[in-house]
$ cat data23.tsv   # TSV, C-alpha atoms and all ligand atoms
chain	number	residue	atom	x	y	z
A	230	VAL	CA	0.00	0.00	0.00
A	231	ILE	CA	1.24	3.49	-0.89
A	232	ALA	CA	-0.18	6.27	1.30
A	233	ILE	CA	0.10	9.89	0.20
A	234	ARG	CA	-0.68	12.64	2.67
A	235	ALA	CA	-1.62	15.98	1.12
A	236	ARG	CA	-2.11	19.36	2.73
A	237	ARG	CA	-4.86	19.77	0.12
A	238	LEU	CA	-6.33	16.75	-1.66
A	239	ILE	CA	-8.59	17.39	-4.68
A	240	THR	CA	-10.78	14.32	-5.14
A	241	CYS	CA	-13.36	15.51	-7.74
A	242	ASP	CA	-15.71	12.98	-6.12
A	243	PRO	CA	-19.27	14.14	-6.93
A	244	SER	CA	-20.67	12.45	-3.83
A	245	ARG	CA	-18.59	14.77	-1.62
A	246	ALA	CA	-19.18	17.96	-3.67
A	247	SER	CA	-21.08	21.07	-2.60
A	248	SER	CA	-21.47	24.56	-4.02
A	249	GLU	CA	-18.73	25.82	-1.63
A	250	ASN	CA	-16.51	22.84	-2.41
A	251	PRO	CA	-17.19	21.85	-6.04
A	252	LEU	CA	-13.94	19.87	-6.36
A	253	SER	CA	-14.49	17.94	-3.13
A	254	ALA	CA	-11.19	19.10	-1.65
A	255	ILE	CA	-10.04	17.60	1.62
A	256	GLU	CA	-7.66	19.56	3.86
A	257	ASP	CA	-4.97	17.29	5.36
A	258	GLY	CA	-6.14	14.30	3.38
A	259	VAL	CA	-4.76	10.86	2.65
A	260	VAL	CA	-5.12	8.84	-0.51
A	261	ALA	CA	-3.96	5.23	-0.27
A	262	LEU	CA	-3.26	3.01	-3.28
A	263	ASP	CA	-2.95	-0.73	-3.73
A	264	GLY	CA	-2.86	-2.94	-6.81
A	265	GLY	CA	-3.22	0.04	-9.14
A	266	ARG	CA	-6.41	1.24	-7.45
A	267	VAL	CA	-7.41	3.75	-4.81
A	268	VAL	CA	-8.23	1.96	-1.54
A	269	TYR	CA	-8.73	4.96	0.76
A	270	VAL	CA	-9.57	8.64	0.35
A	271	GLY	CA	-10.34	10.83	3.33
A	272	LYS	CA	-9.08	12.82	6.26
A	273	ALA	CA	-5.64	11.87	7.52
A	274	SER	CA	-7.09	11.74	11.04
A	275	ALA	CA	-9.45	8.92	10.00
A	276	TYR	CA	-6.85	6.85	8.13
A	277	GLU	CA	-6.04	3.60	9.92
A	278	GLY	CA	-3.23	2.25	7.72
A	279	ALA	CA	0.51	2.52	8.41
A	280	ALA	CA	1.61	6.14	8.70
A	281	ASN	CA	4.73	6.00	6.48
A	282	TYR	CA	3.40	8.66	4.14
A	283	THR	CA	4.72	10.29	1.02
A	284	GLU	CA	4.09	13.97	1.81
A	285	ALA	CA	2.74	16.48	-0.70
A	286	SER	CA	1.25	19.96	-0.71
A	287	LEU	CA	-1.41	19.62	-3.43
A	288	VAL	CA	-2.64	16.31	-4.91
A	289	THR	CA	-5.14	15.96	-7.77
A	290	PRO	CA	-6.34	13.13	-9.98
A	291	GLY	CA	-4.02	12.62	-12.96
A	292	LEU	CA	-4.96	15.02	-15.73
A	293	ILE	CA	-6.82	13.69	-18.78
A	294	ASP	CA	-6.28	15.22	-22.22
A	295	ALA	CA	-9.45	14.17	-24.04
A	296	HIS	CA	-8.67	15.54	-27.53
A	297	THR	CA	-5.28	15.18	-29.21
A	298	HIS	CA	-3.83	14.39	-32.60
A	299	ALA	CA	-0.62	13.37	-30.85
A	300	ALA	CA	0.44	10.73	-33.39
A	301	TRP	CA	1.47	13.36	-35.93
A	302	MET	CA	4.77	13.46	-37.79
A	303	GLY	CA	6.67	16.41	-39.22
A	304	SER	CA	6.31	20.11	-38.56
A	305	ARG	CA	4.09	22.81	-40.08
A	306	HIS	CA	5.97	25.83	-38.73
A	307	GLY	CA	5.98	27.43	-42.20
A	308	GLU	CA	2.18	27.59	-42.18
A	309	TYR	CA	2.18	29.25	-38.80
A	310	VAL	CA	4.42	31.98	-40.16
A	311	GLN	CA	2.01	32.37	-43.12
A	312	ARG	CA	-0.92	32.66	-40.74
A	313	LEU	CA	0.91	35.30	-38.72
A	314	GLU	CA	1.17	37.22	-41.97
A	315	GLY	CA	-2.61	37.00	-42.39
A	316	VAL	CA	-3.16	33.94	-44.61
A	317	GLN	CA	-6.32	32.02	-43.65
A	318	TYR	CA	-6.20	28.39	-42.47
A	319	THR	CA	-8.76	27.44	-45.13
A	320	ASP	CA	-6.57	28.97	-47.89
A	321	ILE	CA	-3.50	27.09	-46.63
A	322	ALA	CA	-5.55	23.88	-46.76
A	323	LYS	CA	-6.70	24.61	-50.32
A	324	ALA	CA	-3.07	25.10	-51.40
A	325	GLY	CA	-2.15	21.56	-50.23
A	326	GLY	CA	-0.96	22.54	-46.77
A	327	GLY	CA	-2.66	21.76	-43.49
A	328	ILE	CA	-3.90	18.20	-43.11
A	329	GLN	CA	-2.57	17.25	-46.57
A	330	ALA	CA	0.94	18.22	-45.45
A	331	SER	CA	0.60	16.03	-42.36
A	332	GLN	CA	-0.60	13.18	-44.58
A	333	ARG	CA	2.66	13.35	-46.55
A	334	SER	CA	4.61	13.08	-43.28
A	335	ILE	CA	2.60	10.01	-42.22
A	336	ALA	CA	3.04	8.42	-45.66
A	337	GLU	CA	6.83	8.86	-45.44
A	338	ALA	CA	7.19	7.47	-41.90
A	339	SER	CA	7.26	3.83	-40.86
A	340	GLU	CA	4.87	2.48	-38.24
A	341	ALA	CA	7.83	2.15	-35.83
A	342	GLU	CA	8.87	5.77	-36.40
A	343	ILE	CA	5.34	7.03	-35.73
A	344	ALA	CA	5.24	4.93	-32.54
A	345	GLU	CA	8.61	6.26	-31.39
A	346	THR	CA	7.57	9.88	-31.92
A	347	LEU	CA	4.27	9.34	-30.10
A	348	HIS	CA	6.07	7.59	-27.23
A	349	ALA	CA	8.41	10.54	-26.72
A	350	ARG	CA	5.52	13.01	-26.94
A	351	LEU	CA	3.45	11.11	-24.36
A	352	LYS	CA	6.39	11.09	-21.96
A	353	ARG	CA	6.62	14.88	-22.24
A	354	MET	CA	2.87	15.16	-21.67
A	355	GLN	CA	3.15	12.93	-18.62
A	356	ARG	CA	5.78	15.22	-17.10
A	357	LEU	CA	3.16	17.99	-17.23
A	358	GLY	CA	0.77	15.92	-15.09
A	359	VAL	CA	-1.18	14.08	-17.80
A	360	THR	CA	-1.97	10.41	-17.12
A	361	THR	CA	-4.59	9.69	-19.82
A	362	VAL	CA	-4.52	10.88	-23.43
A	363	GLU	CA	-7.03	10.44	-26.21
A	364	VAL	CA	-5.00	9.97	-29.41
A	365	LYS	CA	-6.60	10.28	-32.84
A	366	SER	CA	-5.50	9.02	-36.20
A	367	GLY	CA	-6.66	11.22	-39.06
A	368	TYR	CA	-3.45	12.11	-40.88
A	369	GLY	CA	-3.40	9.00	-43.04
A	370	LEU	CA	-6.62	9.92	-44.89
A	371	LEU	CA	-6.41	6.70	-46.94
A	372	PRO	CA	-7.38	3.41	-45.27
A	373	GLU	CA	-3.91	1.83	-45.39
A	374	LEU	CA	-2.29	4.95	-43.93
A	375	GLU	CA	-4.99	5.39	-41.28
A	376	LEU	CA	-4.38	1.77	-40.26
A	377	LYS	CA	-0.61	2.42	-40.11
A	378	GLN	CA	-1.16	5.39	-37.81
A	379	LEU	CA	-3.62	3.42	-35.63
A	380	ARG	CA	-1.27	0.42	-35.40
A	381	ALA	CA	1.51	2.76	-34.26
A	382	ILE	CA	-0.85	4.13	-31.59
A	383	ALA	CA	-1.67	0.53	-30.54
A	384	ARG	CA	2.05	-0.25	-30.14
A	385	VAL	CA	2.49	2.63	-27.72
A	386	ARG	CA	-0.76	1.80	-25.94
A	387	ALA	CA	0.67	-1.60	-25.03
A	388	LEU	CA	3.66	-0.06	-23.16
A	389	LYS	CA	3.72	0.43	-19.39
A	390	ASN	CA	4.36	3.56	-17.29
A	391	LEU	CA	3.04	5.88	-19.97
A	392	PRO	CA	-0.25	7.80	-19.98
A	393	ARG	CA	-3.19	5.52	-20.70
A	394	ILE	CA	-4.18	5.93	-24.36
A	395	VAL	CA	-7.77	6.03	-25.58
A	396	PRO	CA	-7.50	5.61	-29.38
A	397	SER	CA	-9.89	7.26	-31.82
A	398	ALA	CA	-10.08	6.65	-35.56
A	399	LEU	CA	-10.59	10.07	-37.14
A	400	LEU	CA	-11.77	8.79	-40.49
A	401	LEU	CA	-13.31	11.90	-42.05
A	402	HIS	CA	-10.71	14.64	-41.58
A	403	ALA	CA	-10.01	15.88	-45.12
A	404	VAL	CA	-10.56	14.53	-48.63
A	405	PRO	CA	-7.15	13.32	-49.89
A	406	ALA	CA	-5.83	14.70	-53.17
A	407	SER	CA	-6.30	11.34	-54.90
A	408	TYR	CA	-10.07	11.57	-54.27
A	409	LYS	CA	-10.39	15.27	-55.01
A	410	ASP	CA	-13.09	14.77	-57.67
A	411	ARG	CA	-14.58	11.63	-56.14
A	412	ARG	CA	-15.80	12.86	-52.79
A	413	GLU	CA	-18.74	10.46	-52.53
A	414	ASP	CA	-16.50	7.50	-53.31
A	415	TYR	CA	-14.11	8.64	-50.61
A	416	VAL	CA	-16.79	8.87	-47.92
A	417	ARG	CA	-18.10	5.44	-48.93
A	418	LEU	CA	-14.56	3.97	-48.80
A	419	MET	CA	-13.97	5.25	-45.27
A	420	CYS	CA	-17.39	4.16	-44.01
A	421	GLU	CA	-17.67	0.79	-45.72
A	422	THR	CA	-14.06	-0.37	-45.90
A	423	CYS	CA	-12.04	1.45	-43.26
A	424	VAL	CA	-14.45	1.27	-40.30
A	425	PRO	CA	-14.79	-2.54	-40.48
A	426	LEU	CA	-10.98	-2.94	-40.65
A	427	VAL	CA	-10.50	-0.68	-37.62
A	428	ALA	CA	-13.13	-2.64	-35.70
A	429	LYS	CA	-11.74	-6.03	-36.72
A	430	GLU	CA	-8.23	-5.19	-35.46
A	431	GLN	CA	-9.67	-3.40	-32.39
A	432	LEU	CA	-7.56	-0.36	-33.21
A	433	ALA	CA	-9.91	2.28	-31.82
A	434	GLU	CA	-12.59	2.80	-29.21
A	435	TYR	CA	-14.01	5.85	-30.95
A	436	VAL	CA	-14.70	7.01	-34.48
A	437	ASP	CA	-14.42	10.75	-35.12
A	438	ALA	CA	-15.24	13.11	-38.00
A	439	TYR	CA	-14.52	16.75	-38.76
A	440	VAL	CA	-17.96	18.23	-39.43
A	441	ASP	CA	-17.87	21.83	-40.61
A	442	ALA	CA	-18.66	24.04	-43.60
A	443	HIS	CA	-15.31	23.47	-45.34
A	444	ALA	CA	-14.87	19.91	-44.04
A	445	PHE	CA	-17.55	17.15	-44.03
A	446	SER	CA	-21.30	17.68	-44.11
A	447	VAL	CA	-23.75	16.39	-41.53
A	448	SER	CA	-25.04	13.78	-43.97
A	449	GLU	CA	-21.51	12.56	-44.77
A	450	ALA	CA	-20.73	12.30	-41.05
A	451	GLU	CA	-24.02	10.50	-40.55
A	452	GLN	CA	-22.85	7.74	-42.90
A	453	LEU	CA	-19.72	7.34	-40.78
A	454	CYS	CA	-21.68	7.31	-37.51
A	455	THR	CA	-24.04	4.66	-38.89
A	456	SER	CA	-21.11	2.45	-39.82
A	457	ALA	CA	-19.36	3.05	-36.49
A	458	ARG	CA	-22.46	2.05	-34.54
A	459	ALA	CA	-22.89	-1.08	-36.68
A	460	HIS	CA	-19.36	-2.07	-35.64
A	461	ALA	CA	-19.83	-1.27	-31.93
A	462	LEU	CA	-17.51	1.74	-32.03
A	463	LYS	CA	-18.31	4.85	-29.97
A	464	ILE	CA	-18.55	8.34	-31.43
A	465	ARG	CA	-16.97	11.77	-30.82
A	466	LEU	CA	-17.10	14.62	-33.33
A	467	HIS	CA	-15.35	17.87	-34.24
A	468	ILE	CA	-18.19	20.39	-34.68
A	469	GLY	CA	-18.80	24.13	-34.77
A	470	GLN	CA	-15.18	25.25	-35.20
A	471	PHE	CA	-15.91	27.67	-38.04
A	472	SER	CA	-19.70	27.48	-38.31
A	473	ASP	CA	-22.73	25.78	-36.79
A	474	ILE	CA	-24.08	23.51	-39.52
A	475	GLY	CA	-26.38	21.60	-37.21
A	476	ALA	CA	-23.98	18.81	-36.26
A	477	SER	CA	-25.04	18.87	-32.60
A	478	ALA	CA	-28.31	17.15	-33.60
A	479	LEU	CA	-26.28	14.40	-35.28
A	480	ALA	CA	-24.22	13.92	-32.11
A	481	VAL	CA	-27.41	13.63	-30.07
A	482	LYS	CA	-29.03	11.23	-32.55
A	483	PHE	CA	-26.05	8.85	-32.40
A	484	GLY	CA	-25.35	9.19	-28.67
A	485	ALA	CA	-21.89	10.68	-29.14
A	486	ASP	CA	-19.84	10.96	-25.95
A	487	SER	CA	-18.31	14.29	-26.94
A	488	VAL	CA	-18.50	17.17	-29.41
A	489	ASP	CA	-15.37	19.24	-29.67
A	490	HIS	CA	-14.43	22.86	-30.58
A	491	LEU	CA	-17.88	24.59	-30.44
A	492	GLU	CA	-16.78	28.15	-31.23
A	493	HIS	CA	-20.18	28.21	-32.98
A	494	LEU	CA	-23.17	26.59	-31.28
A	495	SER	CA	-26.79	27.74	-30.98
A	496	ALA	CA	-28.61	27.96	-27.64
A	497	SER	CA	-30.96	25.15	-28.70
A	498	GLY	CA	-27.95	23.07	-29.72
A	499	ALA	CA	-26.44	23.50	-26.25
A	500	ARG	CA	-29.71	22.46	-24.59
A	501	GLU	CA	-29.92	19.35	-26.76
A	502	LEU	CA	-26.35	18.38	-25.87
A	503	ALA	CA	-27.06	18.80	-22.16
A	504	ALA	CA	-30.27	16.74	-22.33
A	505	ALA	CA	-28.44	13.93	-24.12
A	506	SER	CA	-25.38	14.02	-21.79
A	507	VAL	CA	-23.02	14.80	-24.66
A	508	HIS	CA	-19.84	16.44	-23.33
A	509	ALA	CA	-18.60	19.72	-24.79
A	510	CYS	CA	-14.84	19.61	-25.29
A	511	LEU	CA	-13.25	23.06	-25.52
A	512	LEU	CA	-9.95	23.60	-27.32
A	513	PRO	CA	-8.67	27.07	-26.43
A	514	ILE	CA	-5.16	26.58	-27.86
A	515	ALA	CA	-6.71	26.13	-31.32
A	516	SER	CA	-8.85	29.24	-31.12
A	517	PHE	CA	-5.82	31.15	-29.76
A	518	THR	CA	-3.62	29.96	-32.65
A	519	LEU	CA	-6.31	30.83	-35.19
A	520	ALA	CA	-7.09	34.15	-33.42
A	521	GLN	CA	-10.76	33.17	-33.17
A	522	ALA	CA	-13.36	34.52	-30.80
A	523	PRO	CA	-14.05	32.11	-27.90
A	524	PRO	CA	-17.14	29.88	-27.71
A	525	ASP	CA	-20.17	31.22	-25.88
A	526	ILE	CA	-19.35	29.68	-22.51
A	527	GLU	CA	-22.41	31.18	-20.82
A	528	ASN	CA	-24.56	29.37	-23.41
A	529	LEU	CA	-23.01	26.01	-22.39
A	530	ARG	CA	-23.13	26.86	-18.69
A	531	ARG	CA	-26.78	27.93	-18.79
A	532	ALA	CA	-27.71	24.73	-20.60
A	533	GLY	CA	-25.80	22.64	-18.07
A	534	VAL	CA	-23.49	20.93	-20.57
A	535	ARG	CA	-20.59	19.06	-18.98
A	536	MET	CA	-17.48	20.88	-20.17
A	537	VAL	CA	-14.08	19.38	-20.95
A	538	VAL	CA	-10.84	21.25	-21.68
A	539	ALA	CA	-8.24	19.63	-23.95
A	540	SER	CA	-5.01	20.53	-25.75
A	541	ASP	CA	-6.01	19.53	-29.31
A	542	ALA	CA	-2.27	18.82	-29.70
A	543	ASN	CA	-1.64	18.90	-33.44
A	544	PRO	CA	0.99	20.32	-35.79
A	545	GLY	CA	-1.22	22.98	-37.39
A	546	THR	CA	-3.87	24.70	-35.30
A	547	ALA	CA	-2.60	23.78	-31.82
A	548	PRO	CA	1.14	23.16	-32.03
A	549	SER	CA	1.48	22.38	-28.35
A	550	GLU	CA	1.66	19.30	-26.15
A	551	SER	CA	0.58	21.15	-23.06
A	552	LEU	CA	-2.74	20.55	-21.36
A	553	PRO	CA	-1.74	23.05	-18.63
A	554	LEU	CA	-1.43	25.72	-21.36
A	555	ALA	CA	-4.97	24.88	-22.52
A	556	MET	CA	-6.11	25.24	-18.89
A	557	ALA	CA	-4.49	28.67	-18.62
A	558	PHE	CA	-6.16	29.80	-21.85
A	559	ALA	CA	-9.52	28.34	-20.76
A	560	ALA	CA	-9.32	30.62	-17.74
A	561	ARG	CA	-7.99	33.81	-19.30
A	562	LEU	CA	-9.44	33.64	-22.84
A	563	TYR	CA	-12.64	31.64	-22.32
A	564	GLY	CA	-13.55	32.79	-18.82
A	565	LEU	CA	-14.01	29.35	-17.33
A	566	ARG	CA	-13.89	29.12	-13.54
A	567	VAL	CA	-11.05	27.26	-11.83
A	568	SER	CA	-13.39	24.48	-10.71
A	569	GLU	CA	-14.83	24.12	-14.24
A	570	ILE	CA	-11.34	23.80	-15.68
A	571	VAL	CA	-10.16	21.29	-13.10
A	572	LEU	CA	-13.26	19.12	-13.65
A	573	GLY	CA	-12.76	19.60	-17.39
A	574	VAL	CA	-9.35	17.93	-17.27
A	575	THR	CA	-10.27	15.26	-14.70
A	576	ARG	CA	-13.73	13.84	-14.04
A	577	ASN	CA	-15.55	15.28	-17.07
A	578	ALA	CA	-12.66	14.42	-19.39
A	579	GLY	CA	-12.72	10.85	-18.05
A	580	SER	CA	-16.46	10.40	-18.52
A	581	SER	CA	-16.19	11.90	-22.04
A	582	LEU	CA	-13.78	9.04	-22.83
A	583	GLY	CA	-15.95	6.33	-21.33
A	584	LEU	CA	-13.68	6.01	-18.27
A	585	ALA	CA	-16.44	6.29	-15.71
A	586	HIS	CA	-17.50	2.69	-15.18
A	587	GLU	CA	-16.77	0.26	-12.39
A	588	SER	CA	-13.88	-1.58	-14.03
A	589	GLU	CA	-12.14	1.60	-15.11
A	590	THR	CA	-12.78	4.95	-13.49
A	591	ARG	CA	-10.26	7.70	-14.15
A	592	GLY	CA	-10.32	11.40	-13.40
A	593	LEU	CA	-11.45	11.27	-9.79
A	594	LEU	CA	-10.15	9.86	-6.54
A	595	THR	CA	-12.68	7.47	-5.04
A	596	VAL	CA	-12.25	3.98	-3.65
A	597	GLY	CA	-11.95	1.61	-6.61
A	598	ALA	CA	-10.80	4.24	-9.13
A	599	ARG	CA	-7.56	3.69	-11.05
A	600	ALA	CA	-4.66	5.11	-9.09
A	601	ASP	CA	-3.57	7.93	-11.41
A	602	LEU	CA	-2.62	11.08	-9.56
A	603	VAL	CA	-0.34	14.07	-9.50
A	604	LEU	CA	1.62	15.55	-6.61
A	605	TRP	CA	2.16	19.25	-7.38
A	606	ASN	CA	4.75	21.78	-6.28
A	607	LEU	CA	1.81	24.12	-5.69
A	608	ASP	CA	-0.36	25.00	-2.70
A	609	HIS	CA	-3.77	25.32	-4.31
A	610	GLU	CA	-5.62	24.25	-7.46
A	611	ALA	CA	-6.07	27.91	-8.42
A	612	SER	CA	-2.33	27.84	-9.20
A	613	LEU	CA	-2.89	25.12	-11.80
A	614	ILE	CA	-4.47	27.53	-14.27
A	615	GLN	CA	-1.68	30.10	-14.18
A	616	PRO	CA	0.39	30.17	-17.38
A	617	TRP	CA	3.60	28.76	-15.90
A	618	GLY	CA	5.24	27.59	-19.09
A	619	THR	CA	7.13	24.98	-17.08
A	620	SER	CA	6.08	21.81	-15.31
A	621	GLN	CA	4.92	22.28	-11.72
A	622	VAL	CA	4.70	18.54	-11.10
A	623	ALA	CA	6.55	17.02	-8.13
A	624	GLN	CA	5.65	13.37	-8.79
A	625	ILE	CA	3.28	11.34	-10.95
A	626	VAL	CA	1.51	8.12	-10.01
A	627	GLN	CA	0.40	6.16	-13.07
A	628	ASP	CA	-1.74	3.05	-12.41
A	629	GLY	CA	-0.52	2.90	-8.83
A	630	VAL	CA	3.20	3.27	-9.62
A	631	PHE	CA	5.46	6.32	-9.21
A	632	VAL	CA	6.88	7.05	-12.66
B	701	ZN	ZN	-8.98	18.10	-33.31
$ encode --input "data23.tsv" --output "structure tokens" --more "lines below"
Ligand SMILES: [Zn+2]
Amino acid sequence: VIAIRARRLITCDPSRASSENPLSAIEDGVVALDGGRVVYVGKASAYEGAANYTEASLVTPGLIDAHTHAAWMGSRHGEYVQRLEGVQYTDIAKAGGGIQASQRSIAEASEAEIAETLHARLKRMQRLGVTTVEVKSGYGLLPELELKQLRAIARVRALKNLPRIVPSALLLHAVPASYKDRREDYVRLMCETCVPLVAKEQLAEYVDAYVDAHAFSVSEAEQLCTSARAHALKIRLHIGQFSDIGASALAVKFGADSVDHLEHLSASGARELAAASVHACLLPIASFTLAQAPPDIENLRRAGVRMVVASDANPGTAPSESLPLAMAFAARLYGLRVSEIVLGVTRNAGSSLGLAHESETRGLLTVGARADLVLWNLDHEASLIQPWGTSQVAQIVQDGVFV
């Protein structure tokens, strides 16, 4: 048994929460771990185990980054310079940059090279306090390249002492150049050929699509969702980044776990998401990089949508690996409250990834949950959302082991 005694222990346990204590913090708390699971959470004074504690100031659940494209290869720094000079993201994409450029990097790399790059990236993320990462494919565009990227993700997923990976197959991201004039054929190929292959090899838990005015339509995404459901794959969607084309109704219809971006979302759309328990995943690094106005947070809040904050780590619109940076931007640029941000990278992020069931609960510290937690060199969770630019982590526990 490992026992950690914290001056302030953030549990995120909803059964302990109140309006004055939304994160269920315990002053002078102990969390005890055994066999990769939490076996005690509570006041130090009530703990009856051996008192050879690891001491910490602030302890939280391990952070969960619920939206990343972390298996990318190459660099798109040239495009960022173009954007700084005023060129639009959509024009860069039309000129063969953007996702097409990342596809070339995936095509040139071997599966082992993609795995090695992802492994190194996840280790850097872990040092920032992240213990679970959703990792999407989506830079292969063609079935064989999507499968290569997903197999590389699966290789890293099998390794120990790294953040837990939740893999998503992002199968409608952009139409590849080779299908430029055969859009319908491309959508059919991804839905009818690629989804079954992904399911057969168990390469992903989720299927994802980029649904927006310049990306894929609601009816194209619907074909993908239908195929995903037929193959017992869960659904998360990119929606509302540049315009609201009504994709929230699609997410509700198919019981998606999460819709992500949401710079553009109607009030009725927000209410529908809340009623259907679809999480709203906010990606402030992307809207910062693109110099976009923030989503209407009050709209989401009023509707009661469960909010998630993620890095969107990708080489184009969010060239960062830092979930803490996303948290800082969520506070300063989006106006989220500290408690909303902390829940958005712990409990809500976990439930948005299906990690809220008895055999695998992540993102909160309750008896039986997976023992992922962070010991911080900080006194209070309000310090977590300051833009440090460096890691403030003292120690990480991943699946019950100090890493
Ligand atoms: Zn994304």
$ residues_near_ligand --input "data23.tsv" --ligand "ligand ZN 701 (chain B)" --cutoff "12 Å" --atoms "all atoms listed in the file" --output "ChimeraX atom specification"
/A:294-301,328,363-368,397-399,401-402,437-440,465-470,487-491,510-516,539-548
$ closest_residue --input "data23.tsv" --among "A:Arg333, A:Arg458, A:Arg356, A:His586" --to "Val622 in chain A" --atoms "all atoms listed in the file"
A:Arg356
$ atom_distance --input "data23.tsv" --atom1 "CA of Ala478 in chain A" --atom2 "CA of Ile570 in chain A"
25.6 Å
$ residues_around --input "data23.tsv" --residues "Lys463 in chain A" --least-positions-apart "6" --cutoff "7 Å" --atoms "all atoms listed in the file" --output "VMD selection string"
chain A and resid 434 to 436 457 485
$ closest_residue --input "data23.tsv" --among "A:Thr590, A:Ser497, A:Ser456, A:Gln317" --to "Ala428 in chain A" --atoms "only C-alpha atoms"
A:Ser456
$ atom_distance --input "data23.tsv" --atom1 "CA of Arg350 in chain A" --atom2 "CA of Ile394 in chain A"
12.3 Å
$ residues_near_point --input "data23.tsv" --point "(-6.0, 6.0, -22.0)" --cutoff "10 Å" --atoms "all atoms listed in the file" --output "PyMOL selection string"
chain A and resi 293-295+360-364+386+391-396+579+582-584+591
$ closest_residue --input "data23.tsv" --among "A:Leu371, A:Ala555, A:Ala444, A:Val259" --to "Trp617 in chain A" --atoms "all atoms listed in the file"
A:Ala555
$ residues_around --input "data23.tsv" --residues "range 474-477 of chain A" --least-positions-apart "4" --cutoff "7 Å" --atoms "all atoms listed in the file" --output "PyMOL selection string"
chain A and resi 440-442+447+468+481+498+502
$ atom_distance --input "data23.tsv" --atom1 "CA of Gly369 in chain A" --atom2 "CA of His460 in chain A"
20.8 Å
$ build_atoms --input "data23.tsv" --residues "range 553-557 of chain A" --atoms "all heavy atoms" --output "mmCIF file, keeping the file's coordinate frame"
data_model
loop_
_atom_site.group_PDB
_atom_site.id
_atom_site.type_symbol
_atom_site.label_atom_id
_atom_site.label_comp_id
_atom_site.auth_asym_id
_atom_site.auth_seq_id
_atom_site.Cartn_x
_atom_site.Cartn_y
_atom_site.Cartn_z
ATOM 1 N N PRO A 553 -1.734 21.877 -19.521
ATOM 2 C CA PRO A 553 -1.740 23.050 -18.630
ATOM 3 C C PRO A 553 -1.848 24.387 -19.379
ATOM 4 O O PRO A 553 -2.481 25.327 -18.870
ATOM 5 C CB PRO A 553 -0.415 22.932 -17.870
ATOM 6 C CG PRO A 553 -0.186 21.454 -17.808
ATOM 7 C CD PRO A 553 -0.656 20.942 -19.146
ATOM 8 N N LEU A 554 -1.275 24.488 -20.573
ATOM 9 C CA LEU A 554 -1.430 25.720 -21.360
ATOM 10 C C LEU A 554 -2.903 25.906 -21.765
ATOM 11 O O LEU A 554 -3.448 27.005 -21.689
ATOM 12 C CB LEU A 554 -0.529 25.691 -22.595
ATOM 13 C CG LEU A 554 -0.587 26.933 -23.488
ATOM 14 C CD1 LEU A 554 -0.038 28.155 -22.756
ATOM 15 C CD2 LEU A 554 0.182 26.704 -24.794
ATOM 16 N N ALA A 555 -3.533 24.808 -22.179
ATOM 17 C CA ALA A 555 -4.970 24.880 -22.520
ATOM 18 C C ALA A 555 -5.783 25.323 -21.304
ATOM 19 O O ALA A 555 -6.738 26.098 -21.427
ATOM 20 C CB ALA A 555 -5.458 23.519 -23.021
ATOM 21 N N MET A 556 -5.396 24.857 -20.121
ATOM 22 C CA MET A 556 -6.110 25.240 -18.890
ATOM 23 C C MET A 556 -5.956 26.739 -18.626
ATOM 24 O O MET A 556 -6.913 27.423 -18.260
ATOM 25 C CB MET A 556 -5.577 24.428 -17.705
ATOM 26 C CG MET A 556 -5.868 22.941 -17.820
ATOM 27 S SD MET A 556 -4.851 21.933 -16.704
ATOM 28 C CE MET A 556 -5.518 22.406 -15.108
ATOM 29 N N ALA A 557 -4.739 27.242 -18.833
ATOM 30 C CA ALA A 557 -4.490 28.670 -18.620
ATOM 31 C C ALA A 557 -5.310 29.517 -19.595
ATOM 32 O O ALA A 557 -5.889 30.542 -19.224
ATOM 33 C CB ALA A 557 -2.997 28.969 -18.770
#
